[in-house]
Amino acid sequence: MRRLIFTDVHASEPALTAILNDAGHWDEALFLGDIVGFGPHPAECAALLREIAPRRILGNHDYDCCMKRPKSLWDAWTYDRLSDDMREWILDCPETLSLPFGELRVFCSHRAPSALGYLRPTVSAEEMAAAFGGTDADLFLCGHYHHGIERILHGKRYAAIRAVGQMRDRDPQAGYTIEEDGILTHHRVPYDIERVIRDLDAIGLEDSFKARWAQFIRTAYDPEWSRF
């Protein structure tokens, strides 16, 4: 069984298409949340996710953009580009999953359920295990943090999967993970960043914020948003 694991697309259709093309054949897909939010292609990405039909969980931006018409400009713009049916489909999934990968017991959530604050790349194995405290599994998977983080403690593995869209680690390539026989391999692939930046024009963002966001997408770094 070859599994594609991906997360945090954030309405970036070029990034999502790039990882799907790069991943090649897979038997099962697992999506760890945030198909929409802070990107210019919410409807396109949601439709493609629906076509893929992965096992999936709800992300915080999925909830914020689809539960009710948001107040922020970008979230409201996202809401308006999704049909009622698509918003209902995005919301119609659990916040956590427990499932087998062969003999491995796997627990999946969008973010670590007991995390106090934001898991950063400097997190220790003990801190990462504590963030998943109260759950019983062999492998713990989450998205949300956009950095790829993997720790092992007492034979249990904890992995935050690198984002597809909106990277934060100074490498702007889209990320995804393949699982086979309990082994996780992490991949990066380039995508058309300039198309994403051009398509931001449709949202109506304030010029200075749009320029900052474009620099963030190009460089995968912002002093505030990267959260090292």
# chains A, B, ... in the order shown; residues from 1 in each chain; ligands from 1
call {"tool": "residues_around", "arguments": {"residues": "segment 167-183 of chain A", "least_positions_apart": "5", "cutoff": "9 Å", "atoms": "only C-alpha atoms", "output": "PDB file with N, CA, C and O atoms, in the first residue's frame"}}
result
ATOM      1  N   MET A   1       0.848  -1.192   0.000  1.00  0.00           N
ATOM      2  CA  MET A   1       0.000   0.000   0.000  1.00  0.00           C
ATOM      3  C   MET A   1       0.882   1.240   0.000  1.00  0.00           C
ATOM      4  O   MET A   1       1.748   1.401   0.857  1.00  0.00           O
ATOM      5  N   ARG A   2       0.667   2.091  -0.978  1.00  0.00           N
ATOM      6  CA  ARG A   2       1.413   3.352  -1.084  1.00  0.00           C
ATOM      7  C   ARG A   2       0.438   4.488  -0.819  1.00  0.00           C
ATOM      8  O   ARG A   2      -0.551   4.657  -1.536  1.00  0.00           O
ATOM      9  N   ARG A   3       0.710   5.271   0.217  1.00  0.00           N
ATOM     10  CA  ARG A   3      -0.198   6.335   0.631  1.00  0.00           C
ATOM     11  C   ARG A   3       0.412   7.710   0.375  1.00  0.00           C
ATOM     12  O   ARG A   3       1.561   7.954   0.738  1.00  0.00           O
ATOM     13  N   LEU A   4      -0.386   8.582  -0.193  1.00  0.00           N
ATOM     14  CA  LEU A   4      -0.032   9.981  -0.345  1.00  0.00           C
ATOM     15  C   LEU A   4      -0.616  10.743   0.840  1.00  0.00           C
ATOM     16  O   LEU A   4      -1.820  10.652   1.116  1.00  0.00           O
ATOM     17  N   ILE A   5       0.224  11.481   1.555  1.00  0.00           N
ATOM     18  CA  ILE A   5      -0.214  12.283   2.691  1.00  0.00           C
ATOM     19  C   ILE A   5       0.117  13.744   2.378  1.00  0.00           C
ATOM     20  O   ILE A   5       1.266  14.068   2.049  1.00  0.00           O
ATOM     21  N   PHE A   6      -0.870  14.612   2.474  1.00  0.00           N
ATOM     22  CA  PHE A   6      -0.628  16.019   2.174  1.00  0.00           C
ATOM     23  C   PHE A   6      -1.533  16.891   3.022  1.00  0.00           C
ATOM     24  O   PHE A   6      -2.523  16.424   3.594  1.00  0.00           O
ATOM     25  N   THR A   7      -1.180  18.173   3.106  1.00  0.00           N
ATOM     26  CA  THR A   7      -1.892  19.061   4.023  1.00  0.00           C
ATOM     27  C   THR A   7      -1.672  20.514   3.640  1.00  0.00           C
ATOM     28  O   THR A   7      -0.753  20.851   2.887  1.00  0.00           O
ATOM     29  N   VAL A   9      -3.058  23.048   1.763  1.00  0.00           N
ATOM     30  CA  VAL A   9      -2.987  23.516   0.374  1.00  0.00           C
ATOM     31  C   VAL A   9      -3.206  25.025   0.311  1.00  0.00           C
ATOM     32  O   VAL A   9      -2.580  25.723  -0.500  1.00  0.00           O
ATOM     33  N   ALA A  15       0.283  24.573  -6.732  1.00  0.00           N
ATOM     34  CA  ALA A  15       1.024  23.741  -5.783  1.00  0.00           C
ATOM     35  C   ALA A  15       0.376  22.374  -5.630  1.00  0.00           C
ATOM     36  O   ALA A  15       1.061  21.341  -5.598  1.00  0.00           O
ATOM     37  N   LEU A  16      -0.957  22.333  -5.531  1.00  0.00           N
ATOM     38  CA  LEU A  16      -1.653  21.055  -5.396  1.00  0.00           C
ATOM     39  C   LEU A  16      -1.449  20.198  -6.636  1.00  0.00           C
ATOM     40  O   LEU A  16      -1.158  18.998  -6.537  1.00  0.00           O
ATOM     41  N   ALA A  18       1.017  20.310  -8.692  1.00  0.00           N
ATOM     42  CA  ALA A  18       2.416  19.895  -8.760  1.00  0.00           C
ATOM     43  C   ALA A  18       2.689  18.680  -7.894  1.00  0.00           C
ATOM     44  O   ALA A  18       3.376  17.743  -8.320  1.00  0.00           O
ATOM     45  N   ILE A  19       2.153  18.643  -6.678  1.00  0.00           N
ATOM     46  CA  ILE A  19       2.446  17.475  -5.825  1.00  0.00           C
ATOM     47  C   ILE A  19       1.718  16.230  -6.329  1.00  0.00           C
ATOM     48  O   ILE A  19       2.252  15.119  -6.244  1.00  0.00           O
ATOM     49  N   ALA A  23       3.828  12.940  -7.294  1.00  0.00           N
ATOM     50  CA  ALA A  23       3.667  11.759  -6.432  1.00  0.00           C
ATOM     51  C   ALA A  23       3.527  10.471  -7.219  1.00  0.00           C
ATOM     52  O   ALA A  23       3.841   9.394  -6.712  1.00  0.00           O
ATOM     53  N   TRP A  26      -0.458   6.206  -6.367  1.00  0.00           N
ATOM     54  CA  TRP A  26      -0.701   5.932  -4.953  1.00  0.00           C
ATOM     55  C   TRP A  26      -2.017   5.174  -4.827  1.00  0.00           C
ATOM     56  O   TRP A  26      -2.904   5.277  -5.669  1.00  0.00           O
ATOM     57  N   PHE A 101      -2.442   1.733   9.352  1.00  0.00           N
ATOM     58  CA  PHE A 101      -1.544   1.632   8.203  1.00  0.00           C
ATOM     59  C   PHE A 101      -0.917   0.248   8.326  1.00  0.00           C
ATOM     60  O   PHE A 101       0.132   0.092   8.941  1.00  0.00           O
ATOM     61  N   GLY A 102      -1.575  -0.765   7.784  1.00  0.00           N
ATOM     62  CA  GLY A 102      -1.121  -2.129   8.033  1.00  0.00           C
ATOM     63  C   GLY A 102      -1.283  -2.439   9.502  1.00  0.00           C
ATOM     64  O   GLY A 102      -2.381  -2.332  10.066  1.00  0.00           O
ATOM     65  N   GLU A 103      -0.185  -2.774  10.176  1.00  0.00           N
ATOM     66  CA  GLU A 103      -0.238  -3.085  11.600  1.00  0.00           C
ATOM     67  C   GLU A 103      -0.040  -1.842  12.474  1.00  0.00           C
ATOM     68  O   GLU A 103      -0.187  -1.916  13.696  1.00  0.00           O
ATOM     69  N   LEU A 104       0.294  -0.712  11.871  1.00  0.00           N
ATOM     70  CA  LEU A 104       0.482   0.512  12.639  1.00  0.00           C
ATOM     71  C   LEU A 104      -0.856   1.146  12.985  1.00  0.00           C
ATOM     72  O   LEU A 104      -1.751   1.253  12.142  1.00  0.00           O
ATOM     73  N   LEU A 139       1.814   5.976  15.375  1.00  0.00           N
ATOM     74  CA  LEU A 139       2.224   7.066  14.498  1.00  0.00           C
ATOM     75  C   LEU A 139       1.201   8.186  14.624  1.00  0.00           C
ATOM     76  O   LEU A 139      -0.007   7.944  14.536  1.00  0.00           O
ATOM     77  N   TYR A 145       1.290  23.275  10.918  1.00  0.00           N
ATOM     78  CA  TYR A 145       2.468  24.031  11.298  1.00  0.00           C
ATOM     79  C   TYR A 145       3.332  24.437  10.105  1.00  0.00           C
ATOM     80  O   TYR A 145       4.256  25.223  10.254  1.00  0.00           O
ATOM     81  N   HIS A 146       3.054  23.872   8.943  1.00  0.00           N
ATOM     82  CA  HIS A 146       3.680  24.235   7.667  1.00  0.00           C
ATOM     83  C   HIS A 146       5.150  23.831   7.578  1.00  0.00           C
ATOM     84  O   HIS A 146       5.668  23.665   6.491  1.00  0.00           O
ATOM     85  N   HIS A 147       5.830  23.669   8.665  1.00  0.00           N
ATOM     86  CA  HIS A 147       7.172  23.107   8.697  1.00  0.00           C
ATOM     87  C   HIS A 147       7.066  21.586   8.760  1.00  0.00           C
ATOM     88  O   HIS A 147       6.146  21.040   9.372  1.00  0.00           O
ATOM     89  N   GLY A 148       8.027  20.899   8.139  1.00  0.00           N
ATOM     90  CA  GLY A 148       8.127  19.457   8.339  1.00  0.00           C
ATOM     91  C   GLY A 148       8.867  19.183   9.643  1.00  0.00           C
ATOM     92  O   GLY A 148      10.011  19.604   9.825  1.00  0.00           O
ATOM     93  N   ILE A 161       3.429  17.218   8.884  1.00  0.00           N
ATOM     94  CA  ILE A 161       3.705  17.139   7.455  1.00  0.00           C
ATOM     95  C   ILE A 161       3.849  18.538   6.873  1.00  0.00           C
ATOM     96  O   ILE A 161       3.062  19.444   7.160  1.00  0.00           O
ATOM     97  N   ARG A 162       4.863  18.712   6.048  1.00  0.00           N
ATOM     98  CA  ARG A 162       5.125  20.007   5.427  1.00  0.00           C
ATOM     99  C   ARG A 162       3.972  20.415   4.502  1.00  0.00           C
ATOM    100  O   ARG A 162       3.341  19.591   3.860  1.00  0.00           O
ATOM    101  N   ARG A 188       9.637  17.370  -1.922  1.00  0.00           N
ATOM    102  CA  ARG A 188       9.406  18.764  -2.282  1.00  0.00           C
ATOM    103  C   ARG A 188       9.422  18.886  -3.796  1.00  0.00           C
ATOM    104  O   ARG A 188      10.195  18.205  -4.460  1.00  0.00           O
ATOM    105  N   VAL A 189       8.589  19.765  -4.308  1.00  0.00           N
ATOM    106  CA  VAL A 189       8.491  19.912  -5.759  1.00  0.00           C
ATOM    107  C   VAL A 189       8.217  21.384  -6.088  1.00  0.00           C
ATOM    108  O   VAL A 189       7.425  22.043  -5.408  1.00  0.00           O
ATOM    109  N   PRO A 190       8.872  21.937  -7.125  1.00  0.00           N
ATOM    110  CA  PRO A 190       8.591  23.323  -7.511  1.00  0.00           C
ATOM    111  C   PRO A 190       7.215  23.455  -8.157  1.00  0.00           C
ATOM    112  O   PRO A 190       6.665  22.481  -8.683  1.00  0.00           O
ATOM    113  N   TYR A 191       6.667  24.648  -8.090  1.00  0.00           N
ATOM    114  CA  TYR A 191       5.385  24.917  -8.739  1.00  0.00           C
ATOM    115  C   TYR A 191       5.386  26.372  -9.225  1.00  0.00           C
ATOM    116  O   TYR A 191       6.332  27.122  -8.957  1.00  0.00           O
ATOM    117  N   ILE A 193       4.822  29.592  -8.762  1.00  0.00           N
ATOM    118  CA  ILE A 193       4.570  30.585  -7.723  1.00  0.00           C
ATOM    119  C   ILE A 193       4.088  31.898  -8.324  1.00  0.00           C
ATOM    120  O   ILE A 193       3.199  32.560  -7.769  1.00  0.00           O
ATOM    121  N   PHE A 216       6.534  36.593   0.717  1.00  0.00           N
ATOM    122  CA  PHE A 216       6.413  35.404   1.569  1.00  0.00           C
ATOM    123  C   PHE A 216       6.314  34.137   0.731  1.00  0.00           C
ATOM    124  O   PHE A 216       7.010  33.140   0.987  1.00  0.00           O
ATOM    125  N   ILE A 217       5.485  34.162  -0.295  1.00  0.00           N
ATOM    126  CA  ILE A 217       5.308  32.981  -1.145  1.00  0.00           C
ATOM    127  C   ILE A 217       6.581  32.689  -1.944  1.00  0.00           C
ATOM    128  O   ILE A 217       6.971  31.533  -2.115  1.00  0.00           O
ATOM    129  N   ARG A 218       7.235  33.729  -2.430  1.00  0.00           N
ATOM    130  CA  ARG A 218       8.451  33.542  -3.232  1.00  0.00           C
ATOM    131  C   ARG A 218       9.605  32.982  -2.402  1.00  0.00           C
ATOM    132  O   ARG A 218      10.404  32.178  -2.893  1.00  0.00           O
ATOM    133  N   THR A 219       9.724  33.428  -1.177  1.00  0.00           N
ATOM    134  CA  THR A 219      10.899  33.098  -0.368  1.00  0.00           C
ATOM    135  C   THR A 219      10.632  32.083   0.727  1.00  0.00           C
ATOM    136  O   THR A 219      11.561  31.576   1.350  1.00  0.00           O
ATOM    137  N   ALA A 220       9.357  31.784   0.978  1.00  0.00           N
ATOM    138  CA  ALA A 220       8.963  30.900   2.094  1.00  0.00           C
ATOM    139  C   ALA A 220       9.490  31.428   3.419  1.00  0.00           C
ATOM    140  O   ALA A 220       9.848  30.673   4.313  1.00  0.00           O
ATOM    141  N   TYR A 221       9.530  32.748   3.522  1.00  0.00           N
ATOM    142  CA  TYR A 221       9.995  33.338   4.778  1.00  0.00           C
ATOM    143  C   TYR A 221       9.344  34.697   5.003  1.00  0.00           C
ATOM    144  O   TYR A 221       9.222  35.515   4.081  1.00  0.00           O
ATOM    145  N   ASP A 222       8.907  34.915   6.253  1.00  0.00           N
ATOM    146  CA  ASP A 222       8.475  36.209   6.734  1.00  0.00           C
ATOM    147  C   ASP A 222       8.854  36.250   8.211  1.00  0.00           C
ATOM    148  O   ASP A 222       8.692  35.250   8.929  1.00  0.00           O
ATOM    149  N   TRP A 225       5.493  35.439  10.105  1.00  0.00           N
ATOM    150  CA  TRP A 225       4.683  34.293   9.718  1.00  0.00           C
ATOM    151  C   TRP A 225       5.449  32.976   9.670  1.00  0.00           C
ATOM    152  O   TRP A 225       4.845  31.904   9.759  1.00  0.00           O
ATOM    153  N   SER A 226       6.746  33.016   9.512  1.00  0.00           N
ATOM    154  CA  SER A 226       7.500  31.758   9.383  1.00  0.00           C
ATOM    155  C   SER A 226       7.555  30.977  10.693  1.00  0.00           C
ATOM    156  O   SER A 226       7.652  29.754  10.691  1.00  0.00           O
ATOM    157  N   ARG A 227       7.573  31.652  11.803  1.00  0.00           N
ATOM    158  CA  ARG A 227       7.472  31.004  13.120  1.00  0.00           C
ATOM    159  C   ARG A 227       8.564  29.968  13.348  1.00  0.00           C
ATOM    160  O   ARG A 227       8.317  28.825  13.691  1.00  0.00           O
ATOM    161  N   PHE A 228       9.799  30.380  13.163  1.00  0.00           N
ATOM    162  CA  PHE A 228      10.925  29.500  13.479  1.00  0.00           C
ATOM    163  C   PHE A 228      11.066  29.359  14.986  1.00  0.00           C
ATOM    164  O   PHE A 228      10.722  30.257  15.738  1.00  0.00           O
TER     165      PHE A 228
END
call {"tool": "residues_around", "arguments": {"residues": "Ser12 of chain A", "least_positions_apart": "5", "cutoff": "8 Å", "atoms": "only C-alpha atoms", "output": "VMD selection string"}}
result
chain A and resid 39 to 42 45 165 196
call {"tool": "closest_residue", "arguments": {"among": "A:Glu95, A:Phe38, A:Ala214, A:His186", "to": "Ala76 of chain A", "atoms": "only C-alpha atoms"}}
result
A:Phe38
call {"tool": "closest_residue", "arguments": {"among": "A:Thr17, A:Asp80, A:Lys71, A:Asp27", "to": "Leu49 of chain A", "atoms": "only C-alpha atoms"}}
result
A:Thr17
call {"tool": "select_by_dssp", "arguments": {"residues": "segment 39-187 of chain A", "states": "strand (DSSP E)", "output": "PyMOL selection string"}}
result
chain A and resi 55-56+96-101+104-109+139-142+149-153+156-160+174-180+183-187
call {"tool": "write_last_selection", "arguments": {"atoms": "N, CA and C atoms", "output": "tab-separated table (two decimals), in the first residue's frame"}}
result
chain	number	residue	atom	x	y	z
A	55	ARG	N	-9.16	10.19	2.32
A	55	ARG	CA	-9.54	10.28	3.72
A	55	ARG	C	-9.11	11.67	4.17
A	56	ARG	N	-9.94	12.36	4.95
A	56	ARG	CA	-9.59	13.74	5.22
A	56	ARG	C	-10.13	14.19	6.57
A	96	THR	N	-10.62	14.56	13.68
A	96	THR	CA	-9.54	13.60	13.89
A	96	THR	C	-9.90	12.28	13.22
A	97	LEU	N	-8.88	11.47	12.95
A	97	LEU	CA	-9.07	10.13	12.41
A	97	LEU	C	-8.14	9.16	13.14
A	98	SER	N	-8.63	7.99	13.45
A	98	SER	CA	-7.80	6.89	13.91
A	98	SER	C	-7.95	5.77	12.90
A	99	LEU	N	-6.85	5.30	12.33
A	99	LEU	CA	-6.93	4.32	11.26
A	99	LEU	C	-5.67	3.47	11.24
A	100	PRO	N	-5.73	2.30	10.61
A	100	PRO	CA	-4.54	1.46	10.51
A	100	PRO	C	-3.76	1.73	9.24
A	101	PHE	N	-2.44	1.73	9.35
A	101	PHE	CA	-1.54	1.63	8.20
A	101	PHE	C	-0.92	0.25	8.33
A	104	LEU	N	0.29	-0.71	11.87
A	104	LEU	CA	0.48	0.51	12.64
A	104	LEU	C	-0.86	1.15	12.99
A	105	ARG	N	-0.97	1.59	14.22
A	105	ARG	CA	-2.13	2.38	14.63
A	105	ARG	C	-1.76	3.86	14.43
A	106	VAL	N	-2.59	4.56	13.67
A	106	VAL	CA	-2.27	5.93	13.27
A	106	VAL	C	-3.35	6.88	13.77
A	107	PHE	N	-2.92	7.97	14.37
A	107	PHE	CA	-3.84	9.02	14.80
A	107	PHE	C	-3.54	10.28	13.98
A	108	CYS	N	-4.59	10.89	13.41
A	108	CYS	CA	-4.43	12.05	12.54
A	108	CYS	C	-5.29	13.21	13.06
A	109	SER	N	-4.71	14.38	13.10
A	109	SER	CA	-5.45	15.59	13.42
A	109	SER	C	-4.82	16.73	12.62
A	139	LEU	N	1.81	5.98	15.38
A	139	LEU	CA	2.22	7.07	14.50
A	139	LEU	C	1.20	8.19	14.62
A	140	PHE	N	1.69	9.40	14.85
A	140	PHE	CA	0.84	10.57	15.01
A	140	PHE	C	1.15	11.54	13.86
A	141	LEU	N	0.10	11.94	13.13
A	141	LEU	CA	0.27	12.80	11.97
A	141	LEU	C	-0.57	14.06	12.12
A	142	CYS	N	0.00	15.19	11.74
A	142	CYS	CA	-0.76	16.43	11.72
A	142	CYS	C	-0.22	17.33	10.61
A	149	ILE	N	8.21	18.49	10.57
A	149	ILE	CA	8.80	18.18	11.87
A	149	ILE	C	8.55	16.70	12.15
A	150	GLU	N	9.60	15.98	12.51
A	150	GLU	CA	9.42	14.55	12.81
A	150	GLU	C	10.28	14.19	14.02
A	151	ARG	N	9.65	13.53	15.00
A	151	ARG	CA	10.34	13.13	16.22
A	151	ARG	C	9.93	11.70	16.58
A	152	ILE	N	10.83	10.99	17.25
A	152	ILE	CA	10.54	9.64	17.74
A	152	ILE	C	10.84	9.61	19.24
A	153	LEU	N	9.91	9.07	20.00
A	153	LEU	CA	10.08	8.94	21.44
A	153	LEU	C	9.44	7.65	21.91
A	156	LYS	N	7.45	5.58	19.45
A	156	LYS	CA	6.32	6.22	18.78
A	156	LYS	C	6.83	7.37	17.92
A	157	ARG	N	6.22	7.54	16.75
A	157	ARG	CA	6.67	8.56	15.80
A	157	ARG	C	5.63	9.66	15.71
A	158	TYR	N	6.13	10.89	15.71
A	158	TYR	CA	5.29	12.08	15.64
A	158	TYR	C	5.74	12.90	14.44
A	159	ALA	N	4.81	13.20	13.53
A	159	ALA	CA	5.20	13.89	12.30
A	159	ALA	C	4.21	14.99	11.97
A	160	ALA	N	4.73	16.20	11.83
A	160	ALA	CA	3.97	17.31	11.24
A	160	ALA	C	4.39	17.37	9.77
A	174	ALA	N	6.54	23.06	-2.92
A	174	ALA	CA	5.41	22.39	-2.29
A	174	ALA	C	5.86	21.07	-1.66
A	175	GLY	N	5.28	20.74	-0.52
A	175	GLY	CA	5.67	19.53	0.19
A	175	GLY	C	4.57	18.48	0.22
A	176	TYR	N	4.97	17.23	0.30
A	176	TYR	CA	4.05	16.12	0.53
A	176	TYR	C	4.85	14.94	1.05
A	177	THR	N	4.15	13.92	1.51
A	177	THR	CA	4.80	12.74	2.11
A	177	THR	C	4.20	11.48	1.52
A	178	ILE	N	5.03	10.48	1.36
A	178	ILE	CA	4.59	9.15	0.94
A	178	ILE	C	4.85	8.18	2.10
A	179	GLU	N	3.86	7.35	2.39
A	179	GLU	CA	4.01	6.29	3.39
A	179	GLU	C	3.91	4.94	2.71
A	180	GLU	N	4.90	4.10	2.94
A	180	GLU	CA	4.88	2.71	2.48
A	180	GLU	C	5.50	1.84	3.55
A	183	ILE	N	7.05	3.44	6.55
A	183	ILE	CA	8.17	4.36	6.33
A	183	ILE	C	7.63	5.63	5.67
A	184	LEU	N	7.97	6.78	6.26
A	184	LEU	CA	7.57	8.07	5.70
A	184	LEU	C	8.74	8.66	4.91
A	185	THR	N	8.48	9.05	3.68
A	185	THR	CA	9.47	9.78	2.89
A	185	THR	C	8.87	11.12	2.50
A	186	HIS	N	9.63	12.18	2.72
A	186	HIS	CA	9.14	13.53	2.52
A	186	HIS	C	9.71	14.11	1.23
A	187	HIS	N	8.85	14.77	0.47
A	187	HIS	CA	9.21	15.24	-0.87
A	187	HIS	C	8.90	16.72	-1.02
call {"tool": "closest_residue", "arguments": {"among": "A:Gly134, A:Leu200, A:Ala211, A:Met86", "to": "Glu51 of chain A", "atoms": "only C-alpha atoms"}}
result
A:Met86
call {"tool": "select_by_dssp", "arguments": {"residues": "segment 25-228 of chain A", "states": "helix (DSSP H, G or I)", "output": "VMD selection string"}}
result
chain A and resid 42 to 52 60 to 66 73 to 81 84 to 91 125 to 131 193 to 203 207 to 219
call {"tool": "decode", "arguments": {"residues": "segment 44-63 of chain A", "atoms": "N, CA and C atoms", "output": "short mmCIF file (atom, residue, chain, number, x, y, z; two decimals), in the first residue's frame"}}
result
data_model
loop_
_atom_site.label_atom_id
_atom_site.label_comp_id
_atom_site.auth_asym_id
_atom_site.auth_seq_id
_atom_site.Cartn_x
_atom_site.Cartn_y
_atom_site.Cartn_z
N GLU A 44 -11.19 25.91 -7.17
CA GLU A 44 -10.44 24.94 -7.97
C GLU A 44 -9.83 23.85 -7.08
N CYS A 45 -9.27 24.26 -5.94
CA CYS A 45 -8.64 23.28 -5.05
C CYS A 45 -9.68 22.39 -4.38
N ALA A 46 -10.79 22.97 -3.97
CA ALA A 46 -11.84 22.16 -3.35
C ALA A 46 -12.38 21.13 -4.35
N ALA A 47 -12.59 21.53 -5.60
CA ALA A 47 -13.09 20.60 -6.61
C ALA A 47 -12.09 19.48 -6.87
N LEU A 48 -10.80 19.82 -6.92
CA LEU A 48 -9.79 18.80 -7.14
C LEU A 48 -9.69 17.85 -5.96
N LEU A 49 -9.80 18.37 -4.76
CA LEU A 49 -9.79 17.50 -3.58
C LEU A 49 -10.98 16.55 -3.60
N ARG A 50 -12.12 17.07 -3.98
CA ARG A 50 -13.32 16.22 -4.05
C ARG A 50 -13.15 15.12 -5.08
N GLU A 51 -12.49 15.44 -6.18
CA GLU A 51 -12.23 14.44 -7.21
C GLU A 51 -11.27 13.35 -6.72
N ILE A 52 -10.26 13.75 -5.96
CA ILE A 52 -9.30 12.79 -5.42
C ILE A 52 -9.96 11.87 -4.39
N ALA A 53 -10.89 12.42 -3.62
CA ALA A 53 -11.63 11.69 -2.59
C ALA A 53 -10.71 11.03 -1.57
N PRO A 54 -9.86 11.81 -0.89
CA PRO A 54 -8.99 11.21 0.12
C PRO A 54 -9.73 10.98 1.43
N ARG A 55 -9.16 10.19 2.32
CA ARG A 55 -9.54 10.28 3.72
C ARG A 55 -9.11 11.67 4.17
N ARG A 56 -9.94 12.36 4.95
CA ARG A 56 -9.59 13.74 5.22
C ARG A 56 -10.13 14.19 6.57
N ILE A 57 -9.53 15.24 7.07
CA ILE A 57 -9.97 15.87 8.31
C ILE A 57 -10.10 17.37 8.09
N LEU A 58 -10.79 18.02 9.01
CA LEU A 58 -11.12 19.43 8.88
C LEU A 58 -9.97 20.29 9.39
N GLY A 59 -9.61 21.31 8.61
CA GLY A 59 -8.63 22.28 9.05
C GLY A 59 -9.28 23.52 9.64
N ASN A 60 -8.53 24.28 10.40
CA ASN A 60 -9.08 25.48 11.03
C ASN A 60 -9.52 26.52 10.00
N HIS A 61 -8.77 26.66 8.90
CA HIS A 61 -9.18 27.62 7.87
C HIS A 61 -10.37 27.10 7.08
N ASP A 62 -10.48 25.80 6.91
CA ASP A 62 -11.68 25.23 6.27
C ASP A 62 -12.93 25.63 7.07
N TYR A 63 -12.83 25.48 8.37
CA TYR A 63 -13.96 25.84 9.24
C TYR A 63 -14.24 27.33 9.17
#
